[in-house]
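This is entry_5.cif (mmCIF, C-alpha atoms).
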```cif
data_data
#
loop_
_atom_site.label_atom_id
_atom_site.label_comp_id
_atom_site.auth_asym_id
_atom_site.auth_seq_id
_atom_site.Cartn_x
_atom_site.Cartn_y
_atom_site.Cartn_z
CA MET A 28 -20.76 -1.19 1.25
CA SER A 29 -17.25 -0.64 -0.07
CA ARG A 30 -15.06 1.97 1.64
CA PHE A 31 -12.71 2.22 -1.35
CA PRO A 32 -12.77 5.26 -3.68
CA ALA A 33 -13.88 4.54 -7.24
CA SER A 34 -10.45 5.38 -8.58
CA ALA A 35 -7.03 6.33 -7.31
CA PRO A 36 -5.65 9.81 -7.96
CA ARG A 37 -3.09 9.86 -10.76
CA LEU A 38 0.18 11.73 -10.65
CA PRO A 39 1.82 13.05 -13.83
CA LEU A 40 4.25 10.55 -15.31
CA THR A 41 7.83 11.79 -15.27
CA LEU A 42 11.04 10.55 -16.79
CA ALA A 43 13.48 11.53 -14.06
CA ALA A 44 15.59 8.51 -14.97
CA LEU A 45 16.64 10.32 -18.17
CA ALA A 46 19.08 12.31 -16.03
CA LEU A 47 20.98 9.12 -15.34
CA THR A 48 22.08 8.93 -18.98
CA ALA A 49 24.60 11.72 -18.55
CA ALA A 50 25.96 10.10 -15.39
CA CYS A 51 26.78 6.83 -17.18
CA SER A 52 30.13 7.71 -18.73
CA ASP A 53 31.28 4.10 -19.10
CA ALA A 54 30.50 2.40 -22.37
CA PRO A 55 27.24 0.50 -21.82
CA LEU A 56 27.19 -3.25 -22.00
CA ALA A 57 24.82 -4.38 -24.73
CA PRO A 58 22.14 -6.94 -23.76
CA ASP A 59 22.43 -10.47 -25.07
CA ALA A 60 21.13 -11.12 -28.54
CA ALA A 61 17.39 -11.60 -28.76
CA PRO A 62 16.43 -15.27 -28.39
CA SER A 63 14.46 -16.94 -31.15
CA ALA A 64 11.60 -17.84 -28.79
CA ARG A 65 9.66 -15.36 -26.67
CA PRO A 66 10.13 -15.92 -22.91
CA SER A 67 7.31 -17.52 -20.97
CA ARG A 68 7.10 -14.62 -18.50
CA ALA A 69 6.62 -11.48 -20.56
CA ALA A 70 5.90 -8.09 -19.06
CA SER A 71 2.31 -7.09 -18.46
CA PRO A 72 0.99 -5.34 -21.63
CA ALA A 73 -0.48 -2.54 -19.52
CA ALA A 74 2.97 -1.76 -18.12
CA THR A 75 4.86 -1.70 -21.44
CA PRO A 76 6.47 1.74 -21.87
CA THR A 77 5.08 3.95 -24.61
CA VAL A 78 8.40 5.70 -25.18
CA VAL A 79 11.71 4.45 -26.54
CA ALA A 80 14.44 3.95 -23.96
CA PRO A 81 17.19 6.59 -24.12
CA ALA A 82 20.64 5.53 -25.29
CA GLY A 83 22.40 3.44 -22.68
CA MET A 84 19.16 2.72 -20.78
CA ILE A 85 16.84 -0.26 -20.54
CA PRO A 86 13.38 -0.51 -18.92
CA GLY A 87 13.16 -2.47 -15.67
CA HIS A 88 9.86 -4.00 -14.59
CA ILE A 89 8.60 -5.36 -11.25
CA ARG A 90 5.07 -6.30 -10.10
CA LEU A 91 3.61 -5.85 -6.60
CA LEU A 92 0.78 -8.33 -5.90
CA ARG A 93 -1.56 -9.08 -3.00
CA ALA A 94 -0.45 -12.35 -1.39
CA GLY A 95 -2.59 -15.26 -2.53
CA SER A 96 -4.18 -13.23 -5.35
CA PRO A 97 -1.99 -13.50 -8.47
CA ASN A 98 -4.14 -11.05 -10.46
CA ALA A 99 -4.56 -8.38 -7.74
CA PHE A 100 -2.00 -5.59 -8.05
CA VAL A 101 -1.20 -3.42 -5.02
CA PRO A 102 -0.63 0.22 -6.05
CA GLY A 103 1.35 2.81 -4.15
CA ALA A 104 4.56 0.95 -3.23
CA THR A 105 8.07 2.37 -3.58
CA VAL A 106 10.92 0.30 -5.01
CA ARG A 107 14.66 1.02 -5.07
CA PHE A 108 16.51 -0.23 -8.15
CA VAL A 109 20.24 -0.82 -7.66
CA THR A 110 22.72 -1.34 -10.52
CA ASP A 111 26.50 -1.08 -10.74
CA LYS A 112 26.08 2.42 -12.22
CA ALA A 113 23.20 4.07 -10.40
CA ILE A 114 20.57 3.79 -7.67
CA LEU A 115 17.04 4.89 -8.52
CA GLN A 116 14.08 5.04 -6.10
CA VAL A 117 10.70 4.90 -7.84
CA ARG A 118 7.20 5.24 -6.41
CA ASP A 119 4.30 3.59 -8.21
CA ASN A 120 2.63 6.26 -10.41
CA GLY A 121 5.17 8.76 -9.12
CA GLU A 122 8.59 10.14 -9.94
CA GLY A 123 10.49 7.89 -12.34
CA ASP A 124 7.63 5.42 -13.01
CA ILE A 125 7.19 5.19 -16.79
CA GLY A 126 4.41 2.56 -16.65
CA ILE A 127 0.73 3.35 -17.14
CA ALA A 128 -0.74 0.79 -14.72
CA SER A 129 -1.02 0.82 -10.92
CA GLY A 130 0.80 -2.03 -9.21
CA PRO A 131 3.56 -2.77 -11.71
CA ILE A 132 6.51 -0.36 -11.49
CA MET A 133 8.71 0.35 -14.49
CA ALA A 134 11.68 2.65 -14.81
CA PHE A 135 14.57 3.28 -17.16
CA LEU A 136 17.78 1.74 -15.76
CA PRO A 137 21.34 2.18 -17.04
CA ILE A 138 22.54 -0.90 -18.90
CA SER A 139 24.65 -2.68 -16.31
CA THR A 140 26.25 -5.98 -15.39
CA SER A 141 23.74 -6.61 -12.58
CA TYR A 142 20.28 -5.45 -11.51
CA LYS A 143 18.76 -5.62 -8.05
CA ALA A 144 15.52 -4.29 -6.54
CA GLU A 145 14.21 -3.89 -3.00
CA VAL A 146 10.83 -2.77 -1.69
CA VAL A 147 11.24 0.42 0.35
CA SER A 148 7.65 1.15 1.40
CA VAL A 149 4.14 -0.22 0.91
CA PRO A 150 0.60 1.08 1.57
CA VAL A 151 -0.55 1.25 5.20
CA GLY A 152 -2.68 -1.90 4.97
CA TYR A 153 0.23 -4.18 4.00
CA HIS A 154 3.36 -5.50 5.64
CA VAL A 155 6.72 -4.47 4.20
CA PRO A 156 8.23 -7.73 2.92
CA ALA A 157 11.33 -9.12 4.57
CA PRO A 158 14.48 -7.74 2.93
CA THR A 159 15.19 -10.32 0.26
CA PRO A 160 17.41 -9.55 -2.75
CA LEU A 161 15.38 -9.40 -5.95
CA TYR A 162 17.71 -9.92 -8.90
CA GLY A 163 16.58 -8.96 -12.38
CA LYS A 164 17.49 -10.54 -15.68
CA VAL A 165 17.29 -9.26 -19.22
CA GLU A 166 14.44 -10.81 -21.19
CA TRP A 167 12.99 -9.96 -24.57
CA SER A 168 9.40 -8.88 -25.18
CA ASP A 169 8.08 -7.86 -28.60
CA GLY A 170 11.62 -7.63 -29.90
CA ALA A 171 12.90 -5.30 -27.18
CA PRO A 172 15.03 -6.03 -24.08
CA MET A 173 13.66 -5.50 -20.59
CA VAL A 174 14.97 -6.21 -17.08
CA THR A 175 12.39 -8.45 -15.41
CA PHE A 176 12.36 -8.88 -11.63
CA PRO A 177 10.53 -11.59 -9.62
CA ASP A 178 7.01 -10.72 -8.51
CA VAL A 179 6.64 -9.42 -4.94
CA GLU A 180 3.69 -10.64 -2.85
CA LEU A 181 2.53 -8.22 -0.15
CA SER A 182 0.74 -9.69 2.88
CA PRO A 183 -2.28 -7.69 4.13
CA LYS A 184 -2.19 -6.56 7.75
CA LYS A 185 -4.88 -7.79 10.11
CA GLN A 186 -7.63 -5.19 10.42
CA VAL A 187 -9.60 -4.07 13.47
CA GLN A 188 -12.91 -2.56 12.35
CA ILE A 189 -14.45 -0.15 14.88
CA ASN A 190 -18.16 0.59 14.50
CA LEU A 191 -19.60 3.79 16.01
CA LEU A 192 -23.33 3.34 16.56
CA ASP A 193 -26.31 4.96 18.24
CA MET A 194 -28.69 2.96 20.44
CA GLN A 195 -30.66 1.90 17.35
CA LYS A 196 -27.45 0.41 15.83
CA ARG A 197 -27.21 3.14 13.20
CA ARG A 198 -23.77 4.52 12.39
CA VAL A 199 -22.91 7.94 13.80
CA PRO A 200 -19.84 9.74 12.43
CA GLY A 201 -17.08 11.79 13.95
CA ALA A 202 -15.70 9.97 17.01
CA THR A 203 -12.01 9.66 17.87
CA VAL A 204 -10.60 6.34 19.13
CA VAL A 205 -7.25 5.18 20.50
CA VAL A 206 -6.01 1.69 19.56
CA THR A 207 -3.22 -0.06 21.48
CA LEU A 208 -1.72 -3.54 21.65
CA PRO A 209 -1.10 -4.69 25.24
CA GLY A 210 2.56 -5.66 25.56
CA PHE A 211 3.65 -3.61 22.53
CA ASP A 212 4.83 -0.03 22.29
CA PHE A 213 2.18 0.83 19.76
CA GLN A 214 -0.69 3.33 19.60
CA PHE A 215 -3.01 4.66 16.89
CA VAL A 216 -5.24 7.69 17.34
CA ILE A 217 -7.91 7.69 14.62
CA THR A 218 -10.65 10.23 13.97
CA ASP A 219 -13.59 9.10 11.86
CA GLY A 220 -13.30 11.00 8.57
CA GLY A 221 -10.05 12.62 9.69
CA ALA A 222 -6.55 11.76 10.84
CA GLY A 223 -5.72 8.07 10.44
CA ASP A 224 -9.05 7.09 8.83
CA VAL A 225 -7.78 5.55 5.60
CA ASN A 226 -8.34 2.43 3.52
CA PRO A 227 -5.59 -0.22 3.08
CA LEU A 228 -4.06 1.78 0.22
CA GLY A 229 -3.80 4.91 2.36
CA TRP A 230 -6.64 6.87 0.74
CA GLN A 231 -8.61 9.16 3.02
CA LEU A 232 -12.09 7.95 3.95
CA PRO A 233 -15.21 10.01 4.81
CA ALA A 234 -16.81 10.30 8.25
CA ASP A 235 -19.21 7.37 8.09
CA GLY A 236 -19.31 5.87 11.58
CA GLN A 237 -16.61 3.29 11.00
CA VAL A 238 -12.82 3.36 11.28
CA THR A 239 -10.21 0.68 10.66
CA ALA A 240 -6.87 0.13 12.36
CA TYR A 241 -4.15 -1.95 10.69
CA MET A 242 -2.08 -4.11 13.02
CA PRO A 243 1.69 -3.67 12.59
CA VAL A 244 2.59 -7.18 13.80
CA GLN A 245 1.45 -10.62 12.71
CA THR A 246 1.05 -12.14 16.17
CA PHE A 247 -0.55 -10.54 19.24
CA ALA A 248 -2.85 -11.70 22.04
CA SER A 249 -5.36 -8.85 22.15
CA VAL A 250 -6.09 -5.30 21.05
CA LYS A 251 -7.55 -2.51 23.22
CA VAL A 252 -9.79 0.19 21.77
CA CYS A 253 -10.83 3.27 23.78
CA GLU A 254 -13.05 6.11 22.71
CA GLN A 255 -11.32 9.46 23.22
CA ALA A 256 -14.08 11.74 21.92
CA PRO A 257 -17.69 10.76 21.07
CA PRO A 258 -19.56 11.66 17.89
CA ALA A 259 -20.99 15.19 17.90
CA GLY A 260 -24.31 15.29 19.77
CA PHE A 261 -23.71 12.02 21.62
CA LEU A 262 -22.42 11.01 25.04
CA MET A 263 -19.22 9.02 25.46
CA ALA A 264 -19.74 5.31 24.86
CA ASN A 265 -20.24 3.17 27.94
CA PRO A 266 -17.98 1.28 28.31
CA ALA A 267 -15.49 3.69 26.73
CA CYS A 268 -12.81 0.97 26.43
CA GLN A 269 -13.05 -2.56 25.08
CA THR A 270 -10.46 -5.34 24.71
CA ILE A 271 -10.72 -7.81 21.85
CA THR A 272 -9.05 -11.22 21.91
CA ASN A 273 -7.16 -11.95 18.72
CA GLN A 274 -8.24 -14.94 16.68
CA SER A 275 -5.30 -16.07 14.59
CA SER A 276 -7.52 -17.62 11.93
CA SER A 277 -9.47 -14.41 11.38
CA LYS A 278 -8.35 -11.82 8.84
CA SER A 279 -10.13 -9.03 10.72
CA LEU A 280 -11.52 -8.23 14.17
CA SER A 281 -14.54 -6.10 14.96
CA VAL A 282 -15.83 -4.05 17.89
CA SER A 283 -18.84 -1.73 18.30
CA PHE A 284 -19.39 1.30 20.54
CA LEU A 285 -22.95 2.32 21.39
CA HIS A 286 -23.82 5.96 22.09
CA GLN A 287 -26.73 7.67 23.75
CA GLY A 288 -27.88 11.04 22.46
CA GLY A 289 -26.55 13.93 24.50
CA ILE A 290 -26.89 17.68 24.57
CA VAL A 291 -26.63 19.10 21.09
CA ALA A 292 -24.76 22.41 20.93
CA PRO A 293 -26.93 25.26 19.57
CA PRO A 294 -26.05 26.69 16.16
CA PRO A 295 -23.72 29.70 16.16
CA ALA A 296 -25.43 33.07 16.45
CA SER A 297 -25.93 34.77 13.11
#
```
Once more with this new file: its structure as structure tokens, please.
Amino acid sequence: MSRFPASAPRLPLTLAALALTAACSDAPLAPDAAPSARPSRAASPAATPTVVAPAGMIPGHIRLLRAGSPNAFVPGATVRFVTDKAILQVRDNGEGDIGIASGPIMAFLPISTSYKAEVVSVPVGYHVPAPTPLYGKVEWSDGAPMVTFPDVELSPKKQVQINLLDMQKRRVPGATVVVTLPGFDFQFVITDGGAGDVNPLGWQLPADGQVTAYMPVQTFASVKVCEQAPPAGFLMANPACQTITNQSSSKSLSVSFLHQGGIVAPPPAS
């Protein structure tokens, strides 16, 4: 059963980059003349802007992809565009993003002599890529210029799935767990259906008897999971702490906590 929402919430599209037009007092450098042949790497049709670029501006386009999956976009990242005239930070589907798709990010940039991009933040389930300069170049698509940047592949973090079960192996919601990595200064406190219980894109998940922790490092020997508070109506799991050995070839690890029924608190007096 998938733990992903059917659709991501959409934020209103804004054109904050329009304000940069007034700041560009230098005469803009015109892009090179349109080539006779269309480039082999055109922008994604879904990300093509539906508005005309303001004077002195040009759309810039970058795609964030799941590593190893060339057709799987990763929404929710933030990219900083750097030119010789302005710096613009754009969040996917947020302020300054003029695209209509999730995953590709597009913004109006001042026409400049150079274009550079860097990934500032990514969803919780992915590693921030190593700081590598991403230089854009002006290409032509459907008769219009566009700054195209290299694709960015985001590596998923290793997941630790924690199952909260009763003695009949049925899921019971509501427990709180603490996840640590021995040898690392790292700790997650996650409440099923509450704080920290999110999917890889950072969307809140319901209380369903399962929580997932995303490991911040690529290499580690083991992970320790302790139950801090049991599900309502159940006793603390026994044992309350478990240590899982990391298997480097596995994309995810799993651990289960079994609970016996306890004393159920009476309903509040009416």
**Q.** Selection as a list in words: residues within 8 Å of (-12.6, 10.7, 20.7), counting all atoms listed in the file
**A.**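 Selection result: Ala202, Thr203, Val204, Val205, Thr218, Glu254, Gln255, Ala256, Pro257 and Pro258 of chain A.
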Selected residues written out, C-alpha atoms, as a compact mmCIF listing (two decimals), in the frame of the given file:
```
# COMPACT_ATOMS: atom_id res chain seq x y z
CA ALA A 202 -15.70 9.97 17.01
CA THR A 203 -12.01 9.66 17.87
CA VAL A 204 -10.60 6.34 19.13
CA VAL A 205 -7.25 5.18 20.50
CA THR A 218 -10.65 10.23 13.97
CA GLU A 254 -13.05 6.11 22.71
CA GLN A 255 -11.32 9.46 23.22
CA ALA A 256 -14.08 11.74 21.92
CA PRO A 257 -17.69 10.76 21.07
CA PRO A 258 -19.56 11.66 17.89
```
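CA of Leu136 (chain A) is found 5.3 Å from CA of Ile85 (chain A).
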(Q) Which residues would end up in the selection if the PyMOL selection byres ((chain A and resi 185) around 12) were applied here, given that I need the answer as a VMD selection string? (A) chain A and resid 151 to 154 182 to 184 186 to 188 227 239 to 247 250 273 to 281
(Q) Just checking: using only C-alpha atoms, which residue out of A:Val206, A:Ala222, A:Pro233, A:Val199 ends up closest to Gln287 (chain A)? (A) A:Val199
Q: Could you please determine the separation between CA of Ala134 (chain A) and CA of Gln231 (chain A) in Å, to one decimal place?
A: 27.8 Å
(Q) I need the residue nearest Leu228 (chain A) from this list: A:Glu180, A:Ile132, A:Arg93, A:Thr270. Use all atoms listed in the file for the distance. (A)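 Closest to Leu228 (chain A) of all the choices is A:Arg93.
The smallest atom-to-atom distance between Ala104 (chain A) and any of A:Leu192, A:Ala80, A:Leu181, A:Val252, using only C-alpha atoms, is found for A:Leu181.
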